[in-house]
file structure_7.csv (CSV, C-alpha atoms)
chain,number,residue,atom,x,y,z
A,1,MET,CA,-3.9,-42.0,74.2
A,2,SER,CA,-5.0,-38.4,75.1
A,3,ARG,CA,-8.2,-36.6,74.2
A,4,VAL,CA,-7.5,-33.1,73.0
A,5,ILE,CA,-10.0,-30.4,72.1
A,6,ILE,CA,-8.7,-27.9,69.5
A,7,ALA,CA,-10.2,-24.5,68.6
A,8,GLY,CA,-8.7,-23.1,65.4
A,9,ALA,CA,-8.1,-26.5,63.9
A,10,SER,CA,-8.6,-25.3,60.3
A,11,GLY,CA,-5.7,-22.9,60.4
A,12,LEU,CA,-2.1,-23.4,59.2
A,13,ILE,CA,-0.8,-24.6,62.6
A,14,GLY,CA,-4.1,-26.1,63.7
A,15,SER,CA,-4.5,-28.4,60.7
A,16,SER,CA,-0.9,-29.7,61.1
A,17,LEU,CA,-1.4,-30.2,64.8
A,18,VAL,CA,-4.6,-32.2,64.3
A,19,THR,CA,-2.7,-34.5,61.9
A,20,ALA,CA,0.2,-34.9,64.3
A,21,LEU,CA,-2.0,-35.8,67.2
A,22,LYS,CA,-4.0,-38.3,65.2
A,23,ASP,CA,-0.8,-39.9,63.8
A,24,ARG,CA,0.3,-40.7,67.3
A,25,GLY,CA,-3.0,-42.1,68.3
A,26,ASP,CA,-4.6,-39.3,70.2
A,27,GLU,CA,-8.3,-38.5,70.0
A,28,VAL,CA,-9.0,-35.0,68.6
A,29,VAL,CA,-12.2,-33.0,68.8
A,30,ARG,CA,-12.4,-29.9,66.7
A,31,LEU,CA,-14.5,-27.0,67.8
A,32,VAL,CA,-16.4,-25.7,64.8
A,33,ARG,CA,-18.7,-22.7,64.7
A,34,ARG,CA,-22.4,-23.2,64.3
A,35,GLY,CA,-23.5,-22.7,60.7
A,36,SER,CA,-20.0,-23.2,59.3
A,37,GLY,CA,-21.0,-26.5,57.6
A,38,GLY,CA,-18.6,-28.6,59.6
A,39,GLU,CA,-20.9,-29.6,62.4
A,40,SER,CA,-21.7,-33.0,61.0
A,41,SER,CA,-18.1,-34.0,60.3
A,42,PRO,CA,-16.5,-36.7,62.4
A,43,GLY,CA,-14.7,-35.5,65.6
A,44,ALA,CA,-16.4,-32.1,65.6
A,45,ALA,CA,-18.3,-30.2,68.3
A,46,THR,CA,-20.1,-26.9,67.9
A,47,TRP,CA,-19.6,-23.7,69.7
A,48,ASP,CA,-20.2,-20.0,69.2
A,49,PRO,CA,-17.4,-17.9,70.5
A,50,SER,CA,-19.0,-14.6,69.3
A,51,ALA,CA,-21.9,-15.4,71.7
A,52,ARG,CA,-19.6,-16.9,74.3
A,53,GLN,CA,-21.4,-20.3,74.0
A,54,LEU,CA,-19.7,-23.6,74.6
A,55,ASP,CA,-21.3,-26.5,76.3
A,56,PRO,CA,-19.0,-27.5,79.2
A,57,SER,CA,-19.8,-31.1,78.6
A,58,VAL,CA,-17.8,-30.9,75.4
A,59,LEU,CA,-14.7,-30.6,77.5
A,60,GLU,CA,-15.4,-33.4,79.9
A,61,GLY,CA,-12.9,-36.2,79.7
A,62,ALA,CA,-10.4,-34.2,77.8
A,63,ASP,CA,-6.8,-34.0,78.8
A,64,ALA,CA,-6.2,-30.6,77.2
A,65,VAL,CA,-8.0,-27.8,75.2
A,66,ILE,CA,-5.8,-25.9,72.7
A,67,VAL,CA,-7.1,-22.5,71.5
A,68,LEU,CA,-5.3,-21.2,68.4
A,69,ASN,CA,-7.9,-18.7,67.0
A,70,GLY,CA,-6.9,-15.2,65.8
A,71,ALA,CA,-7.3,-13.1,62.7
A,72,SER,CA,-4.1,-12.6,60.7
A,73,ILE,CA,-1.8,-9.7,61.6
A,74,ALA,CA,-0.4,-9.9,58.1
A,75,ARG,CA,-3.5,-8.3,56.6
A,76,ILE,CA,-3.0,-4.6,56.1
A,77,PRO,CA,-3.9,-1.8,56.6
A,78,TRP,CA,-4.7,-2.0,60.4
A,79,THR,CA,-7.7,0.2,60.3
A,80,ARG,CA,-9.4,1.0,63.6
A,81,SER,CA,-12.0,-1.6,62.6
A,82,TYR,CA,-9.4,-4.3,61.8
A,83,ARG,CA,-7.5,-3.6,65.0
A,84,ARG,CA,-10.8,-4.4,66.8
A,85,THR,CA,-11.1,-7.6,64.7
A,86,LEU,CA,-7.6,-8.6,65.7
A,87,ALA,CA,-8.5,-8.2,69.4
A,88,VAL,CA,-12.0,-9.7,69.3
A,89,SER,CA,-10.9,-12.7,67.3
A,90,ARG,CA,-8.4,-13.6,70.0
A,91,ARG,CA,-10.4,-12.5,73.1
A,92,ASP,CA,-13.7,-14.2,72.4
A,93,PRO,CA,-12.6,-17.7,71.8
A,94,VAL,CA,-10.3,-17.8,74.8
A,95,ARG,CA,-12.9,-16.2,77.0
A,96,THR,CA,-15.5,-18.7,75.8
A,97,VAL,CA,-13.3,-21.7,76.7
A,98,VAL,CA,-12.4,-20.2,80.1
A,99,THR,CA,-16.1,-19.7,80.9
A,100,ALA,CA,-16.8,-23.3,80.1
A,101,LEU,CA,-13.8,-24.5,82.2
A,102,HIS,CA,-15.2,-22.5,85.2
A,103,ALA,CA,-18.6,-24.0,84.7
A,104,MET,CA,-17.3,-27.6,84.7
A,105,GLN,CA,-17.5,-29.9,87.7
A,106,GLY,CA,-14.7,-32.2,88.6
A,107,GLU,CA,-11.4,-32.5,86.8
A,108,ARG,CA,-10.8,-30.0,84.0
A,109,PRO,CA,-8.5,-30.2,81.0
A,110,ARG,CA,-5.4,-28.1,80.7
A,111,LEU,CA,-5.5,-25.0,78.7
A,112,LEU,CA,-2.9,-24.3,76.0
A,113,SER,CA,-3.6,-20.8,74.5
A,114,ALA,CA,-1.9,-19.3,71.5
A,115,SER,CA,0.0,-16.1,71.9
A,116,ALA,CA,3.0,-14.6,70.0
A,117,VAL,CA,6.5,-13.3,70.5
A,118,GLY,CA,5.0,-9.9,69.6
A,119,TYR,CA,4.4,-9.8,73.4
A,120,TYR,CA,7.9,-8.5,73.8
A,121,GLY,CA,7.6,-5.6,71.4
A,122,SER,CA,10.8,-4.2,69.8
A,123,ARG,CA,13.8,-4.5,72.2
A,124,PRO,CA,17.1,-4.0,70.3
A,125,GLY,CA,20.1,-5.3,72.0
A,126,GLU,CA,18.2,-7.4,74.6
A,127,ARG,CA,18.1,-11.2,75.0
A,128,LEU,CA,14.5,-12.0,75.7
A,129,THR,CA,13.2,-15.0,77.7
A,130,GLU,CA,9.9,-16.0,79.2
A,131,THR,CA,10.7,-14.0,82.4
A,132,ASP,CA,10.8,-10.7,80.6
A,133,PRO,CA,7.8,-8.3,80.8
A,134,ALA,CA,5.6,-7.2,77.9
A,135,GLY,CA,7.0,-4.6,75.6
A,136,THR,CA,5.2,-1.6,74.1
A,137,GLY,CA,3.2,-1.1,70.9
A,138,PHE,CA,0.0,-2.4,69.5
A,139,LEU,CA,1.1,-6.0,69.1
A,140,ALA,CA,2.6,-6.2,72.6
A,141,GLY,CA,-0.7,-4.9,74.0
A,142,LEU,CA,-2.7,-7.3,71.9
A,143,CYS,CA,-0.7,-10.3,73.2
A,144,GLU,CA,-0.8,-9.1,76.8
A,145,ALA,CA,-4.6,-8.8,76.7
A,146,TRP,CA,-4.8,-12.2,74.9
A,147,GLU,CA,-2.7,-13.9,77.6
A,148,ARG,CA,-4.7,-12.2,80.4
A,149,GLU,CA,-7.9,-13.9,79.1
A,150,ALA,CA,-6.2,-17.3,79.2
A,151,LEU,CA,-4.7,-16.7,82.7
A,152,SER,CA,-8.1,-16.1,84.1
A,153,ALA,CA,-8.5,-19.9,84.1
A,154,ASP,CA,-5.4,-20.6,86.2
A,155,ASP,CA,-7.5,-20.8,89.4
A,156,VAL,CA,-9.1,-24.0,88.0
A,157,THR,CA,-6.5,-25.6,85.7
A,158,ASP,CA,-3.0,-25.4,84.4
A,159,VAL,CA,-2.5,-22.8,81.7
A,160,SER,CA,0.3,-22.7,79.0
A,161,LEU,CA,0.9,-19.6,76.8
A,162,LEU,CA,2.2,-20.5,73.4
A,163,ARG,CA,4.3,-17.5,72.4
A,164,THR,CA,5.0,-18.4,68.8
A,165,ALA,CA,7.4,-16.7,66.4
A,166,SER,CA,7.0,-16.0,62.7
A,167,LEU,CA,6.4,-19.3,60.8
A,168,LEU,CA,9.2,-20.0,58.4
A,169,ASP,CA,6.9,-21.6,55.8
A,170,GLN,CA,5.9,-21.1,52.2
A,171,ASP,CA,2.4,-20.4,53.4
A,172,ALA,CA,3.5,-17.8,56.0
A,173,LEU,CA,6.6,-15.7,56.3
A,174,LEU,CA,8.1,-16.9,53.0
A,175,ARG,CA,4.8,-16.3,51.1
A,176,PRO,CA,5.5,-12.7,50.1
A,177,LEU,CA,9.3,-13.0,50.2
A,178,ILE,CA,9.7,-15.7,47.5
A,179,PRO,CA,7.9,-13.9,44.7
A,180,LEU,CA,9.7,-10.7,45.4
A,181,THR,CA,13.0,-12.5,45.4
A,182,LEU,CA,12.2,-14.3,42.2
A,183,ALA,CA,11.3,-11.0,40.6
A,184,GLY,CA,14.8,-9.7,41.6
A,185,LEU,CA,13.4,-7.1,44.0
A,186,ALA,CA,14.8,-8.5,47.3
A,187,GLY,CA,16.9,-6.3,49.6
A,188,PRO,CA,17.2,-4.9,53.1
A,189,LEU,CA,14.0,-3.9,54.9
A,190,GLY,CA,14.8,-0.9,56.9
A,191,PRO,CA,18.2,-1.2,58.6
A,192,GLY,CA,18.2,-5.0,57.9
A,193,ASP,CA,20.0,-5.8,61.1
A,194,GLN,CA,16.8,-6.2,63.2
A,195,VAL,CA,16.6,-9.7,64.8
A,196,LEU,CA,13.7,-11.8,63.5
A,197,PRO,CA,12.3,-14.7,65.7
A,198,TRP,CA,11.2,-17.6,63.5
A,199,ILE,CA,10.3,-21.3,63.7
A,200,THR,CA,9.4,-23.9,61.1
A,201,ARG,CA,5.9,-25.4,61.0
A,202,GLU,CA,7.3,-28.8,61.9
A,203,ASP,CA,9.1,-27.6,65.0
A,204,GLU,CA,6.1,-25.4,65.9
A,205,VAL,CA,3.9,-28.5,66.0
A,206,ARG,CA,6.5,-30.6,67.7
A,207,ALA,CA,7.0,-27.9,70.3
A,208,ILE,CA,3.2,-27.7,71.1
A,209,LEU,CA,3.2,-31.5,71.5
A,210,HIS,CA,6.2,-31.2,73.9
A,211,VAL,CA,4.4,-28.5,75.9
A,212,LEU,CA,1.4,-30.9,76.1
A,213,ASP,CA,3.5,-34.0,77.0
A,214,ALA,CA,6.0,-32.4,79.4
A,215,GLY,CA,3.3,-30.5,81.3
A,216,LEU,CA,4.9,-27.1,80.7
A,217,THR,CA,2.9,-24.2,82.2
A,218,GLY,CA,3.1,-20.4,81.9
A,219,PRO,CA,4.7,-18.7,78.9
A,220,VAL,CA,6.7,-20.8,76.5
A,221,ASN,CA,8.6,-19.2,73.6
A,222,LEU,CA,8.1,-21.2,70.4
A,223,THR,CA,11.0,-19.9,68.4
A,224,SER,CA,14.2,-21.2,66.9
A,225,PRO,CA,17.4,-20.9,69.0
A,226,ALA,CA,19.2,-19.4,65.9
A,227,ARG,CA,19.7,-15.6,66.2
A,228,THR,CA,18.7,-14.4,62.7
A,229,THR,CA,18.4,-10.9,61.2
A,230,PHE,CA,16.1,-9.9,58.4
A,231,ASP,CA,19.2,-9.4,56.2
A,232,GLU,CA,20.4,-12.9,56.9
A,233,LEU,CA,17.1,-14.4,56.0
A,234,GLY,CA,16.8,-12.3,52.8
A,235,ARG,CA,20.3,-13.2,51.7
A,236,GLU,CA,19.8,-16.9,52.4
A,237,VAL,CA,16.5,-17.0,50.4
A,238,ALA,CA,18.1,-15.0,47.5
A,239,GLY,CA,21.0,-17.3,47.4
A,240,ARG,CA,18.9,-20.4,47.3
A,241,LEU,CA,16.7,-19.0,44.5
A,242,HIS,CA,19.8,-17.7,42.6
A,243,ARG,CA,18.6,-14.1,42.6
A,244,PRO,CA,20.2,-10.8,43.7
A,245,TYR,CA,19.7,-9.2,47.1
A,246,TRP,CA,20.3,-5.5,46.4
A,247,LEU,CA,17.2,-3.3,46.6
A,248,PRO,CA,16.9,-1.6,50.0
A,249,VAL,CA,13.5,-0.4,51.3
A,250,PRO,CA,14.1,2.4,53.7
A,251,ALA,CA,12.1,2.4,57.0
A,252,PRO,CA,10.2,5.7,56.2
A,253,LEU,CA,9.0,4.1,52.9
A,254,LEU,CA,7.8,1.0,54.8
A,255,ARG,CA,5.9,3.2,57.3
A,256,ALA,CA,4.4,5.2,54.4
A,257,THR,CA,3.2,2.3,52.4
A,258,MET,CA,2.2,-0.2,55.1
A,259,GLY,CA,1.2,2.2,57.9
A,260,ARG,CA,3.3,2.9,61.0
A,261,GLY,CA,1.8,0.1,63.1
A,262,PRO,CA,2.3,-2.8,60.7
A,263,ALA,CA,5.7,-1.6,59.6
A,264,GLU,CA,7.0,-1.2,63.1
A,265,GLY,CA,5.3,-4.3,64.4
A,266,LEU,CA,6.0,-6.7,61.5
A,267,LEU,CA,9.2,-5.6,59.7
A,268,LEU,CA,11.1,-3.1,61.8
A,269,ALA,CA,10.7,-4.8,65.2
A,270,ASP,CA,14.0,-6.1,66.7
A,271,ALA,CA,13.5,-8.9,69.2
A,272,ASP,CA,16.1,-11.6,70.1
A,273,VAL,CA,13.6,-14.0,71.7
A,274,ARG,CA,15.1,-17.2,73.1
A,275,PRO,CA,13.3,-20.6,73.6
A,276,THR,CA,14.5,-21.0,77.2
A,277,ALA,CA,11.6,-23.0,78.6
A,278,LEU,CA,11.7,-25.4,75.7
A,279,GLU,CA,15.4,-26.0,75.9
A,280,ASP,CA,15.5,-26.3,79.6
A,281,SER,CA,12.8,-29.0,79.5
A,282,GLY,CA,14.8,-31.1,77.0
A,283,PHE,CA,13.2,-30.1,73.7
A,284,THR,CA,15.3,-30.6,70.6
A,285,PHE,CA,14.7,-28.7,67.4
A,286,ARG,CA,14.5,-30.6,64.1
A,287,HIS,CA,15.6,-27.4,62.3
A,288,PRO,CA,17.6,-25.3,64.8
A,289,GLY,CA,19.5,-23.3,62.1
A,290,LEU,CA,18.3,-21.1,59.3
A,291,GLY,CA,20.0,-23.1,56.6
A,292,SER,CA,18.4,-26.4,57.3
A,293,ALA,CA,15.0,-24.7,58.0
A,294,LEU,CA,15.1,-23.0,54.6
A,295,ASP,CA,16.1,-26.1,52.8
A,296,ALA,CA,13.1,-28.0,54.3
A,297,ALA,CA,10.7,-25.1,53.7
A,298,LEU,CA,11.7,-24.4,50.1
A,299,THR,CA,11.8,-28.1,49.2
A,300,ARG,CA,8.3,-28.5,50.5
call {"tool": "encode", "arguments": {"input": "structure_7.csv", "output": "C-alpha cells"}}
result
Amino acid sequence: MSRVIIAGASGLIGSSLVTALKDRGDEVVRLVRRGSGGESSPGAATWDPSARQLDPSVLEGADAVIVLNGASIARIPWTRSYRRTLAVSRRDPVRTVVTALHAMQGERPRLLSASAVGYYGSRPGERLTETDPAGTGFLAGLCEAWEREALSADDVTDVSLLRTASLLDQDALLRPLIPLTLAGLAGPLGPGDQVLPWITREDEVRAILHVLDAGLTGPVNLTSPARTTFDELGREVAGRLHRPYWLPVPAPLLRATMGRGPAEGLLLADADVRPTALEDSGFTFRHPGLGSALDAALTR
C-alpha cells in the first residue's frame, strides 16, 4: 500500500485518480484549500497555494505527491487577466509543494506534476517525443514555465512531468463536439488535417498509476499511440451519432471568433505527439485506437 498526496483531487482527472488509488488499496490524502469547506472531510489536509503555505509534515511518510492544479484552457477569451490566471493557477500550487519538499527532513516523496502536450506547440510534419524541445506560442511557454517550477525540486527528489493530451471524454474534448454534431453543424475546423493528440480518461488514470509504479521520471507523454487528425475525429463522432459532417469553419473565422491565441493553440495546432516513454516502459493502452476510445466514451 502506498500513501499518495493529491493536489487538484476534485478535478476531472483528479477525482478519477483518487478512486483508482483507493480501489487498489492505497491511502490517499487530498490537499484542500483553507475555507473551501472540505477541511473536515476524511483524508483531507489543508493548504493555501495562493499564500505558498503547506505544512511539510503533511508530506511526511508519503510515497508520492501528485499536483494536478490548473485553470481550464478551454475558457475563452484569453484576456490578459485570464492568461495570468492560467499561469498563476499552475505556478503557485507546484511552487508551494516544492517549497514544502525542500523544507522537509529525511526521505521525501516523489513529485508527479501535471503538464500538457501543449509544451511542443504546433509542429506540422514532426514526430514528437519526450526528447524534443519546447515549441513556441502561449501554451508552449505556459507548459515550459509550469515544468520549470516542478523541476526545481529535482535536487531533493525524483520528478515526473505528466504531459497529458486532450481528454477524449464527454466531460472534456467531446463536450462541445457532441451537441454541435447532433445539431448537424459538424465539419472541418480549419484545414482539418492537423494532428490531434488525445487520450481517454481511463488510460490517463492508468498511465499516471504506471508512472507512479514504474518509477518513471522526467517528461512522460500521456497520449494515445494513434495518429489522429481533427477531421478523423469529427467524422468518427458524426458517424456514430448518425449526423452529417459537412460544415467547414475556416481558420480565419476561428481566429476572429475565438481569438488568435485560443484558435491557434486549441484547434489549429498540429502536433503528432508519441507516448514513447510509456510504451518503452511496458505500458499497454486499454483504448489505443480512436474507434474503441469513442465507443467507450460515447457509451459512458
call {"tool": "closest_residue", "arguments": {"input": "structure_7.csv", "among": "A:Ala150, A:Ala165, A:Leu68, A:Ile5", "to": "Thr46 of chain A", "atoms": "all atoms listed in the file"}}
result
A:Ile5
call {"tool": "atom_distance", "arguments": {"input": "structure_7.csv", "atom1": "atom CA of Ala269 of chain A", "atom2": "atom CA of Tyr119 of chain A"}}
result
11.5 Å
call {"tool": "atom_distance", "arguments": {"input": "structure_7.csv", "atom1": "atom CA of Thr157 of chain A", "atom2": "atom CA of Glu107 of chain A"}}
result
8.5 Å
call {"tool": "residues_around", "arguments": {"input": "structure_7.csv", "residues": "Ala186 of chain A", "least_positions_apart": "5", "cutoff": "12 Å", "atoms": "all atoms listed in the file", "output": "list of chain:residue names"}}
result
A:Pro176, A:Leu177, A:Ile178, A:Pro179, A:Leu180, A:Thr181, A:Gly192, A:Phe230, A:Asp231, A:Glu232, A:Leu233, A:Gly234, A:Arg235, A:Glu236, A:Val237, A:Ala238, A:Gly239, A:Leu241, A:His242, A:Arg243, A:Pro244, A:Tyr245, A:Trp246, A:Leu247, A:Pro248, A:Val249
call {"tool": "closest_residue", "arguments": {"input": "structure_7.csv", "among": "A:Gly190, A:Gly70, A:Pro262, A:Pro93", "to": "Leu54 of chain A", "atoms": "all atoms listed in the file"}}
result
A:Pro93
call {"tool": "residues_around", "arguments": {"input": "structure_7.csv", "residues": "segment 281-288 of chain A", "least_positions_apart": "3", "cutoff": "9 Å", "atoms": "only C-alpha atoms", "output": "PyMOL selection string"}}
result
chain A and resi 199-200+202-203+206-207+210+214+216+224-226+276-278+291-294+296
call {"tool": "residues_around", "arguments": {"input": "structure_7.csv", "residues": "segment 123-132 of chain A", "least_positions_apart": "4", "cutoff": "6 Å", "atoms": "all atoms listed in the file", "output": "PDB file with C-alpha atoms, keeping the file's coordinate frame"}}
result
ATOM      1  CA  PRO A 219       4.700 -18.700  78.900  1.00  0.00           C
ATOM      2  CA  ASP A 270      14.000  -6.100  66.700  1.00  0.00           C
ATOM      3  CA  ALA A 271      13.500  -8.900  69.200  1.00  0.00           C
ATOM      4  CA  ASP A 272      16.100 -11.600  70.100  1.00  0.00           C
ATOM      5  CA  VAL A 273      13.600 -14.000  71.700  1.00  0.00           C
ATOM      6  CA  ARG A 274      15.100 -17.200  73.100  1.00  0.00           C
TER       7      ARG A 274
END
call {"tool": "closest_residue", "arguments": {"input": "structure_7.csv", "among": "A:Leu212, A:Ala20, A:Ala134, A:Cys143", "to": "Leu112 of chain A", "atoms": "only C-alpha atoms"}}
result
A:Leu212
call {"tool": "residues_around", "arguments": {"input": "structure_7.csv", "residues": "Arg148 of chain A", "least_positions_apart": "3", "cutoff": "12 Å", "atoms": "only C-alpha atoms", "output": "PyMOL selection string"}}
result
chain A and resi 90-91+94-95+98+113-115+119+134+141-145+151-154+159-161+218-219
call {"tool": "atom_distance", "arguments": {"input": "structure_7.csv", "atom1": "atom CA of Ser50 of chain A", "atom2": "atom CA of Glu147 of chain A"}}
result
18.3 Å
call {"tool": "closest_residue", "arguments": {"input": "structure_7.csv", "among": "A:Ala103, A:Leu12, A:Val18, A:Val97", "to": "Asp171 of chain A", "atoms": "all atoms listed in the file"}}
result
A:Leu12
call {"tool": "closest_residue", "arguments": {"input": "structure_7.csv", "among": "A:Asp158, A:Arg30, A:Pro49, A:Pro250", "to": "Leu267 of chain A", "atoms": "only C-alpha atoms"}}
result
A:Pro250
call {"tool": "closest_residue", "arguments": {"input": "structure_7.csv", "among": "A:Leu31, A:Val88, A:Leu21, A:Val211", "to": "Asp55 of chain A", "atoms": "all atoms listed in the file"}}
result
A:Leu31
call {"tool": "residues_around", "arguments": {"input": "structure_7.csv", "residues": "Gln105 of chain A", "least_positions_apart": "5", "cutoff": "10 Å", "atoms": "only C-alpha atoms", "output": "list in words"}}
result
Pro56, Ser57 and Glu60 of chain A
call {"tool": "write_last_selection", "arguments": {"input": "structure_7.csv", "atoms": "C-alpha atoms", "output": "JSON list (two decimals), in the frame of the given file"}}
result
[["chain", "number", "residue", "atom", "x", "y", "z"],
["A", 56, "PRO", "CA", -19.00, -27.50, 79.20],
["A", 57, "SER", "CA", -19.80, -31.10, 78.60],
["A", 60, "GLU", "CA", -15.40, -33.40, 79.90]]
call {"tool": "decode", "arguments": {"input": "structure_7.csv", "residues": "segment 105-123 of chain A", "atoms": "N, CA, C and O atoms", "output": "compact mmCIF listing (two decimals), in the first residue's frame"}}
result
# COMPACT_ATOMS: atom_id res chain seq x y z
N GLN A 105 12.77 17.19 6.27
CA GLN A 105 13.98 16.49 6.70
C GLN A 105 13.80 15.01 6.38
O GLN A 105 12.71 14.46 6.48
N GLY A 106 14.88 14.35 5.99
CA GLY A 106 14.80 12.93 5.72
C GLY A 106 14.25 12.64 4.33
O GLY A 106 14.29 13.47 3.42
N GLU A 107 13.68 11.44 4.17
CA GLU A 107 13.22 10.98 2.86
C GLU A 107 11.99 11.77 2.41
O GLU A 107 11.06 12.00 3.18
N ARG A 108 12.00 12.16 1.15
CA ARG A 108 10.90 12.95 0.59
C ARG A 108 10.11 12.13 -0.42
O ARG A 108 10.67 11.26 -1.08
N PRO A 109 8.81 12.43 -0.57
CA PRO A 109 8.03 11.73 -1.60
C PRO A 109 8.43 12.18 -3.00
O PRO A 109 8.97 13.27 -3.19
N ARG A 110 8.17 11.34 -3.97
CA ARG A 110 8.35 11.73 -5.37
C ARG A 110 7.34 12.80 -5.74
O ARG A 110 6.26 12.88 -5.14
N LEU A 111 7.67 13.58 -6.74
CA LEU A 111 6.76 14.61 -7.24
C LEU A 111 6.33 14.25 -8.65
O LEU A 111 7.16 14.09 -9.54
N LEU A 112 5.01 14.12 -8.84
CA LEU A 112 4.43 13.96 -10.17
C LEU A 112 3.64 15.23 -10.45
O LEU A 112 2.66 15.54 -9.75
N SER A 113 4.07 15.99 -11.45
CA SER A 113 3.46 17.29 -11.71
C SER A 113 2.81 17.31 -13.09
O SER A 113 3.41 16.91 -14.09
N ALA A 114 1.58 17.79 -13.13
CA ALA A 114 0.86 17.88 -14.39
C ALA A 114 1.55 18.85 -15.34
O ALA A 114 2.15 19.84 -14.94
N SER A 115 1.45 18.53 -16.61
CA SER A 115 1.86 19.42 -17.69
C SER A 115 0.95 19.06 -18.86
O SER A 115 -0.10 18.45 -18.66
N ALA A 116 1.33 19.41 -20.07
CA ALA A 116 0.47 19.12 -21.22
C ALA A 116 1.30 19.02 -22.49
O ALA A 116 2.41 19.56 -22.57
N VAL A 117 0.73 18.35 -23.49
CA VAL A 117 1.42 18.24 -24.77
C VAL A 117 1.48 19.58 -25.50
O VAL A 117 2.18 19.72 -26.50
N GLY A 118 0.77 20.58 -24.96
CA GLY A 118 0.91 21.93 -25.48
C GLY A 118 2.34 22.42 -25.37
O GLY A 118 2.71 23.42 -26.01
N TYR A 119 3.16 21.74 -24.58
CA TYR A 119 4.59 22.05 -24.44
C TYR A 119 5.28 22.09 -25.81
O TYR A 119 6.21 22.87 -26.01
N TYR A 120 4.82 21.26 -26.73
CA TYR A 120 5.51 21.14 -28.03
C TYR A 120 5.06 22.19 -29.04
O TYR A 120 5.70 22.34 -30.09
N GLY A 121 3.98 22.90 -28.75
CA GLY A 121 3.48 23.87 -29.70
C GLY A 121 2.93 23.18 -30.94
O GLY A 121 2.60 22.00 -30.92
N SER A 122 2.82 23.92 -32.03
CA SER A 122 2.37 23.37 -33.30
C SER A 122 3.58 23.04 -34.16
O SER A 122 4.38 23.93 -34.48
N ARG A 123 3.71 21.76 -34.54
CA ARG A 123 4.91 21.31 -35.26
C ARG A 123 4.50 20.40 -36.42
O ARG A 123 4.74 19.18 -36.38
